[in-house]
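J.: File follows, target.txt with compact mmCIF, C-alpha atoms and all ligand atoms:
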```
# COMPACT_ATOMS: atom_id res chain seq x y z
CA MET A 1351 -1.05 31.75 -42.77
CA ALA A 1352 -4.09 29.86 -41.45
CA ARG A 1353 -4.94 30.74 -37.87
CA THR A 1354 -4.83 27.82 -35.52
CA LEU A 1355 -7.85 27.81 -33.22
CA VAL A 1356 -11.40 29.16 -32.93
CA VAL A 1357 -13.30 28.36 -29.73
CA GLY A 1358 -16.97 29.04 -28.98
CA ASN A 1359 -17.75 29.98 -25.39
CA TRP A 1360 -21.48 29.47 -25.04
CA LYS A 1361 -21.50 30.90 -21.49
CA MET A 1362 -24.84 30.15 -19.74
CA HIS A 1363 -26.82 29.63 -22.91
CA GLY A 1364 -28.25 26.61 -24.64
CA SER A 1365 -30.59 23.66 -24.37
CA ARG A 1366 -30.47 20.05 -25.47
CA GLN A 1367 -32.19 21.07 -28.68
CA MET A 1368 -29.69 23.81 -29.37
CA VAL A 1369 -26.77 21.48 -28.72
CA ALA A 1370 -28.18 18.94 -31.17
CA GLU A 1371 -28.91 21.52 -33.87
CA SER A 1372 -25.71 23.54 -33.54
CA LEU A 1373 -23.38 20.60 -33.42
CA ALA A 1374 -25.07 18.97 -36.41
CA VAL A 1375 -24.37 22.12 -38.44
CA LEU A 1376 -20.80 22.38 -37.15
CA SER A 1377 -19.99 18.73 -37.71
CA ALA A 1378 -21.33 18.86 -41.26
CA ALA A 1379 -19.10 21.85 -42.06
CA ALA A 1380 -16.04 20.57 -40.23
CA PRO A 1381 -14.39 18.84 -43.22
CA ASP A 1382 -14.14 22.23 -44.96
CA LEU A 1383 -12.35 23.67 -41.96
CA ALA A 1384 -9.33 21.42 -41.93
CA GLY A 1385 -6.42 23.67 -41.07
CA VAL A 1386 -8.13 25.47 -38.22
CA GLY A 1387 -8.85 23.87 -34.86
CA VAL A 1388 -12.46 24.32 -33.80
CA ALA A 1389 -13.85 23.79 -30.31
CA VAL A 1390 -17.06 24.52 -28.43
CA CYS A 1391 -17.57 25.04 -24.70
CA PRO A 1392 -21.21 24.43 -23.74
CA PRO A 1393 -22.47 24.58 -20.12
CA PHE A 1394 -21.69 21.58 -17.89
CA PRO A 1395 -25.05 19.76 -18.25
CA TYR A 1396 -24.64 19.51 -22.01
CA LEU A 1397 -21.05 18.30 -22.14
CA GLN A 1398 -21.90 14.63 -22.31
CA GLN A 1399 -24.48 15.14 -25.04
CA ALA A 1400 -22.00 17.29 -26.96
CA ALA A 1401 -19.23 14.71 -26.50
CA ALA A 1402 -21.44 11.99 -28.00
CA LEU A 1403 -22.34 14.18 -30.97
CA LEU A 1404 -18.73 15.23 -31.62
CA ALA A 1405 -17.16 11.79 -31.08
CA GLY A 1406 -14.76 10.81 -33.83
CA GLY A 1407 -14.91 14.22 -35.51
CA PRO A 1408 -12.45 17.09 -35.58
CA VAL A 1409 -14.45 19.58 -33.44
CA ARG A 1410 -13.17 19.48 -29.88
CA LEU A 1411 -15.04 19.93 -26.65
CA GLY A 1412 -14.23 22.29 -23.80
CA ALA A 1413 -15.72 23.33 -20.47
CA GLN A 1414 -16.02 26.85 -19.11
CA ASN A 1415 -14.65 26.36 -15.60
CA LEU A 1416 -13.29 23.74 -13.22
CA ALA A 1417 -12.64 23.23 -9.52
CA VAL A 1418 -9.14 23.39 -8.08
CA GLU A 1419 -9.52 20.04 -6.29
CA PRO A 1420 -9.89 16.75 -8.18
CA SER A 1421 -12.69 15.43 -5.90
CA GLY A 1422 -14.12 15.82 -2.42
CA ALA A 1423 -16.71 17.68 -0.38
CA PHE A 1424 -17.09 20.74 -2.61
CA THR A 1425 -20.82 21.00 -3.22
CA GLY A 1426 -21.68 22.39 -6.61
CA GLU A 1427 -18.18 22.11 -8.07
CA VAL A 1428 -17.03 20.14 -11.12
CA SER A 1429 -13.48 18.81 -11.27
CA GLY A 1430 -10.92 18.48 -14.03
CA PRO A 1431 -10.89 14.67 -13.93
CA MET A 1432 -14.70 14.69 -14.38
CA LEU A 1433 -14.40 16.96 -17.40
CA ARG A 1434 -11.75 14.70 -18.88
CA ASP A 1435 -13.94 11.68 -18.11
CA VAL A 1436 -16.82 13.06 -20.17
CA GLY A 1437 -14.62 13.91 -23.13
CA CYS A 1438 -13.39 17.48 -22.69
CA HIS A 1439 -10.11 18.52 -24.28
CA TYR A 1440 -10.10 22.19 -23.23
CA VAL A 1441 -11.22 24.17 -20.21
CA ILE A 1442 -11.47 27.95 -19.96
CA VAL A 1443 -9.84 29.42 -16.86
CA GLY A 1444 -9.82 33.00 -15.65
CA HIS A 1445 -12.61 34.32 -17.83
CA SER A 1446 -13.31 37.93 -16.85
CA GLU A 1447 -16.88 37.00 -15.89
CA ARG A 1448 -15.48 34.52 -13.36
CA ARG A 1449 -12.99 37.11 -12.12
CA ALA A 1450 -15.57 39.92 -11.83
CA LEU A 1451 -18.74 38.09 -10.81
CA PHE A 1452 -17.39 35.12 -8.84
CA GLY A 1453 -14.38 36.67 -7.14
CA GLU A 1454 -11.70 34.62 -8.88
CA ASP A 1455 -8.35 36.30 -8.29
CA ASP A 1456 -5.05 35.73 -10.06
CA ARG A 1457 -3.95 33.09 -7.57
CA LEU A 1458 -7.14 31.05 -7.86
CA VAL A 1459 -6.95 31.28 -11.64
CA ALA A 1460 -3.37 29.98 -11.47
CA GLN A 1461 -4.51 27.09 -9.27
CA LYS A 1462 -7.22 26.24 -11.78
CA PHE A 1463 -4.67 26.39 -14.60
CA ARG A 1464 -2.54 23.88 -12.71
CA ALA A 1465 -5.56 21.68 -11.91
CA ALA A 1466 -6.48 21.57 -15.59
CA HIS A 1467 -2.99 20.39 -16.53
CA LEU A 1468 -2.98 17.78 -13.79
CA ALA A 1469 -6.26 16.41 -15.17
CA GLY A 1470 -4.88 16.19 -18.70
CA LEU A 1471 -6.93 19.13 -19.97
CA GLN A 1472 -5.63 21.99 -22.08
CA PRO A 1473 -6.45 25.21 -20.22
CA ILE A 1474 -7.40 28.33 -22.16
CA LEU A 1475 -6.13 31.10 -19.91
CA CYS A 1476 -8.08 34.35 -20.26
CA VAL A 1477 -6.44 37.68 -19.53
CA GLY A 1478 -7.60 41.24 -20.18
CA GLU A 1479 -7.82 44.75 -18.86
CA LEU A 1480 -10.76 46.92 -17.81
CA LEU A 1481 -11.53 50.07 -19.78
CA ALA A 1482 -10.30 52.29 -16.93
CA GLN A 1483 -7.03 50.36 -16.83
CA ARG A 1484 -6.54 50.82 -20.58
CA GLU A 1485 -7.33 54.51 -20.34
CA ALA A 1486 -4.81 54.86 -17.50
CA GLY A 1487 -2.12 53.28 -19.69
CA ASP A 1488 -2.04 50.18 -17.47
CA THR A 1489 -2.90 47.50 -20.02
CA GLU A 1490 0.51 45.82 -20.15
CA ARG A 1491 0.98 45.98 -16.38
CA VAL A 1492 -2.41 44.29 -15.80
CA ILE A 1493 -1.83 41.58 -18.40
CA ALA A 1494 1.68 40.97 -17.07
CA SER A 1495 0.44 40.45 -13.51
CA GLN A 1496 -2.26 38.04 -14.71
CA LEU A 1497 0.34 36.03 -16.62
CA ASP A 1498 2.95 36.23 -13.87
CA ALA A 1499 0.57 34.70 -11.31
CA VAL A 1500 0.47 31.53 -13.42
CA LEU A 1501 4.23 31.53 -13.99
CA ALA A 1502 4.82 31.97 -10.24
CA LEU A 1503 2.68 28.96 -9.32
CA CYS A 1504 3.27 26.67 -12.28
CA GLY A 1505 6.84 27.49 -13.28
CA ASP A 1506 8.60 29.76 -15.71
CA GLN A 1507 7.87 27.51 -18.72
CA ALA A 1508 4.19 27.05 -17.93
CA LEU A 1509 2.86 29.42 -20.57
CA ALA A 1510 5.50 28.90 -23.22
CA ASP A 1511 3.19 26.77 -25.38
CA ALA A 1512 -0.12 27.48 -23.63
CA VAL A 1513 -3.40 28.63 -25.12
CA ILE A 1514 -4.02 32.19 -23.94
CA ALA A 1515 -7.04 34.33 -24.78
CA TYR A 1516 -6.64 38.09 -24.71
CA GLU A 1517 -10.11 39.40 -23.92
CA PRO A 1518 -10.23 43.12 -23.16
CA VAL A 1519 -13.07 43.35 -20.65
CA TRP A 1520 -14.48 46.47 -22.34
CA ALA A 1521 -14.93 44.49 -25.57
CA ILE A 1522 -16.81 41.51 -24.12
CA GLY A 1523 -20.48 41.46 -25.05
CA THR A 1524 -20.41 45.19 -25.78
CA GLY A 1525 -20.08 45.25 -29.55
CA LYS A 1526 -16.95 47.39 -29.01
CA VAL A 1527 -14.28 45.24 -30.60
CA ALA A 1528 -10.60 46.07 -30.16
CA THR A 1529 -9.05 47.33 -33.36
CA PRO A 1530 -6.79 44.81 -35.09
CA GLU A 1531 -3.84 47.05 -34.12
CA GLN A 1532 -4.85 47.13 -30.44
CA ALA A 1533 -5.22 43.34 -30.41
CA GLN A 1534 -1.91 42.83 -32.22
CA ALA A 1535 -0.01 45.06 -29.78
CA VAL A 1536 -1.19 43.12 -26.73
CA HIS A 1537 -0.74 39.74 -28.41
CA ARG A 1538 2.84 40.66 -29.28
CA PHE A 1539 3.43 41.72 -25.69
CA ILE A 1540 2.04 38.39 -24.38
CA ARG A 1541 4.13 36.35 -26.81
CA GLN A 1542 7.30 38.17 -25.84
CA ARG A 1543 6.58 37.79 -22.15
CA VAL A 1544 5.79 34.07 -22.03
CA GLY A 1545 7.43 32.51 -25.10
CA ARG A 1546 10.65 30.60 -24.37
CA GLY A 1547 13.08 29.72 -27.12
CA ASP A 1548 11.18 27.93 -29.88
CA ALA A 1549 8.08 27.45 -27.71
CA THR A 1550 5.38 29.99 -28.40
CA PRO A 1551 1.82 30.26 -27.10
CA THR A 1552 -1.37 30.12 -29.15
CA ILE A 1553 -2.93 33.52 -28.50
CA LEU A 1554 -6.64 33.98 -29.22
CA TYR A 1555 -8.48 37.28 -29.30
CA GLY A 1556 -11.91 37.48 -27.65
CA GLY A 1557 -14.42 40.30 -27.34
CA SER A 1558 -17.22 41.05 -29.83
CA VAL A 1559 -15.69 38.98 -32.64
CA LYS A 1560 -18.28 38.80 -35.42
CA PRO A 1561 -18.25 37.58 -39.03
CA ASP A 1562 -17.59 41.11 -40.28
CA ASN A 1563 -14.57 41.87 -38.09
CA ALA A 1564 -12.95 38.44 -37.72
CA ALA A 1565 -10.81 38.57 -40.87
CA GLY A 1566 -9.21 41.88 -39.90
CA LEU A 1567 -8.29 40.56 -36.46
CA PHE A 1568 -7.04 37.22 -37.75
CA ALA A 1569 -4.86 39.00 -40.33
CA GLN A 1570 -2.61 40.25 -37.52
CA GLY A 1571 0.65 38.37 -37.16
CA ASP A 1572 0.24 37.53 -33.48
CA VAL A 1573 -3.50 36.75 -33.48
CA ASP A 1574 -3.75 32.95 -33.69
CA GLY A 1575 -7.54 32.69 -33.60
CA GLY A 1576 -10.50 33.67 -31.47
CA LEU A 1577 -12.56 32.97 -28.38
CA ILE A 1578 -16.09 33.71 -29.47
CA GLY A 1579 -19.05 34.46 -27.20
CA GLY A 1580 -22.36 35.68 -28.64
CA ALA A 1581 -21.59 34.82 -32.26
CA SER A 1582 -20.81 31.21 -31.31
CA LEU A 1583 -24.48 30.71 -30.42
CA VAL A 1584 -25.49 31.16 -34.05
CA PRO A 1585 -23.92 28.31 -36.04
CA GLU A 1586 -23.77 30.22 -39.32
CA GLN A 1587 -21.98 33.14 -37.65
CA PHE A 1588 -19.58 30.85 -35.83
CA LEU A 1589 -18.79 28.99 -39.05
CA SER A 1590 -18.22 32.21 -40.88
CA ILE A 1591 -15.69 33.22 -38.19
CA CYS A 1592 -14.02 29.81 -38.47
CA ARG A 1593 -13.77 30.30 -42.25
CA ALA A 1594 -12.17 33.72 -41.71
CA ALA A 1595 -9.49 31.91 -39.74
CA LEU A 1596 -8.70 29.75 -42.76
CA SER A 1597 -7.75 32.52 -45.15
P1 LIG A 1601 -18.54 38.13 -26.95
O1 LIG A 1601 -18.00 37.52 -28.21
O2 LIG A 1601 -20.01 37.89 -26.77
O3 LIG A 1601 -18.13 39.56 -26.81
O4 LIG A 1601 -17.85 37.34 -25.72
C1 LIG A 1601 -16.48 37.17 -25.72
C2 LIG A 1601 -16.13 36.23 -24.62
O5 LIG A 1601 -16.25 36.55 -23.46
C3 LIG A 1601 -15.65 34.89 -25.00
O6 LIG A 1601 -15.14 34.22 -23.90
```
Please lay out the structure from this file as structure tokens.
Ligand code: 13P
T.:
Amino acid sequence: MARTLVVGNWKMHGSRQMVAESLAVLSAAAPDLAGVGVAVCPPFPYLQQAAALLAGGPVRLGAQNLAVEPSGAFTGEVSGPMLRDVGCHYVIVGHSERRALFGEDDRLVAQKFRAAHLAGLQPILCVGELLAQREAGDTERVIASQLDAVLALCGDQALADAVIAYEPVWAIGTGKVATPEQAQAVHRFIRQRVGRGDATPTILYGGSVKPDNAAGLFAQGDVDGGLIGGASLVPEQFLSICRAALS
């Protein structure tokens, strides 16, 4: 079965030149990728340029963060309605770098999830455990509390058809990818916890996904695609991961 979604999270990387070059390569290859959703999340200053380059094509645009409030005196913040206004479809919320480096706790992440919905954006909710938590056998408890914070604020159905990215923190930017079996086990757990009736979430795996390990991960029954960091900065690598999602 074709996987459903591959998203590139560029983090704080890029330039106008890189946006132009990368998106030209992606757009040219996009017709061969019908069957898998593809999206890129460049830094805020490049969103408008990216939106213009992607307009009318199948590759969707996302942002990496948003404010809780829609507007107001919040110096330095960028709101959901602004992201929608410049052409974003997705927004990442709760990335582990935001949780660890910018003090975003489960409640704030849940508020951002709600703000994204209110603005008409599709949030990509990131969850994942630290290495010490995995080693202590706490993985499911940690993931459950991250999911439950969103359910508590946004309602019991809020994640039933959401996009959720399982990103074990120990696998992000480390080259230490989760095994396909480790990813599958957590994805299954997430699906069982938040699915409701026929509604089921799209669950992406993130953390050191590369062209040579993508197919093994995507072959798992509950892995619906990937959230790609470093490899999304190299168009050929990102495309190769997107192609792995097709097979
Ligand atoms: P890497 O693919 O660089 O490990 O990053 C994963 C990630 O954090 C995507 O959001």
J.: List all protein, DNA and RNA residues that have at least one atom no more than 7 Å from any atom of ligand LIG 1601 (chain A), counting all atoms listed in the file, and write them as a VMD selection string.
T.: chain A and resid 1359 1445 1517 1521 to 1525 1556 to 1559 1577 to 1581
J.: Can you build me a table of range 1373-1483 of chain A residues sitting at most 12 Å from range 1536-1550 of chain A, with the closest atom pair per residue and its distance in Å to one decimal, using only C-alpha atoms, sorted by chain and residue number, as CSV?
T.:
```
residue,atom,partner,partner_atom,distance
A:Leu1475,CA,A:Ile1540,CA,11.8
A:Cys1476,CA,A:Ile1540,CA,11.6
A:Val1477,CA,A:Ile1540,CA,9.8
A:Gly1478,CA,A:Val1536,CA,9.4
A:Glu1479,CA,A:Val1536,CA,10.4
```
J.: Give the answer as one residue: which of A:Thr1552, A:Val1375, A:Gly1566, A:Asp1435 has the shortest atom-to-atom distance to Gln1587 in chain A, using only C-alpha atoms?
T.: A:Val1375
J.: Determine, counting all atoms listed in the file, every residue of protein, DNA or RNA that lies within 9 Å of (-4.4, 29.4, -11.8) in the file coordinates, then give the result as a list of chain:residue names.
T.: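 These residues have at least one counted atom within 9 Å: A:Val1418, A:Val1443, A:Gly1444, A:Asp1455, A:Asp1456, A:Arg1457, A:Leu1458, A:Val1459, A:Ala1460, A:Gln1461, A:Lys1462, A:Phe1463, A:Arg1464, A:Ala1465, A:Ala1466, A:Leu1475, A:Ala1499, A:Val1500, A:Leu1503, A:Cys1504.
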J.: Closest to Glu1427 in chain A among A:Arg1484, A:Ala1469, A:Phe1394, A:Asp1511, using all atoms listed in the file?
T.: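 Smallest distance to Glu1427 in chain A is found for A:Phe1394.
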J.: For the atom pair CA of Val1441 in chain A and CA of Val1519 in chain A, what is the interatomic distance in Å to one decimal place?
T.: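 Atom-to-atom, CA of Val1441 in chain A and CA of Val1519 in chain A are spaced 19.3 Å apart.
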J.: Do you have the CA of Leu1596 in chain A-CA of Val1386 in chain A distance handy?
T.: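 Interatomic distance, CA of Leu1596 in chain A to CA of Val1386 in chain A: 6.3 Å.
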J.: Counting all atoms listed in the file, which residue out of A:Pro1518, A:Ala1535, A:Met1362, A:His1467 sits closest to Gln1483 in chain A?
T.: A:Pro1518
J.: Which of these, A:Arg1366, A:His1439, A:Lys1560, A:Arg1434, has the shortest distance to Ala1389 in chain A once you count all atoms listed in the file?
T.: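 Smallest separation from Ala1389 in chain A among the options: A:His1439.
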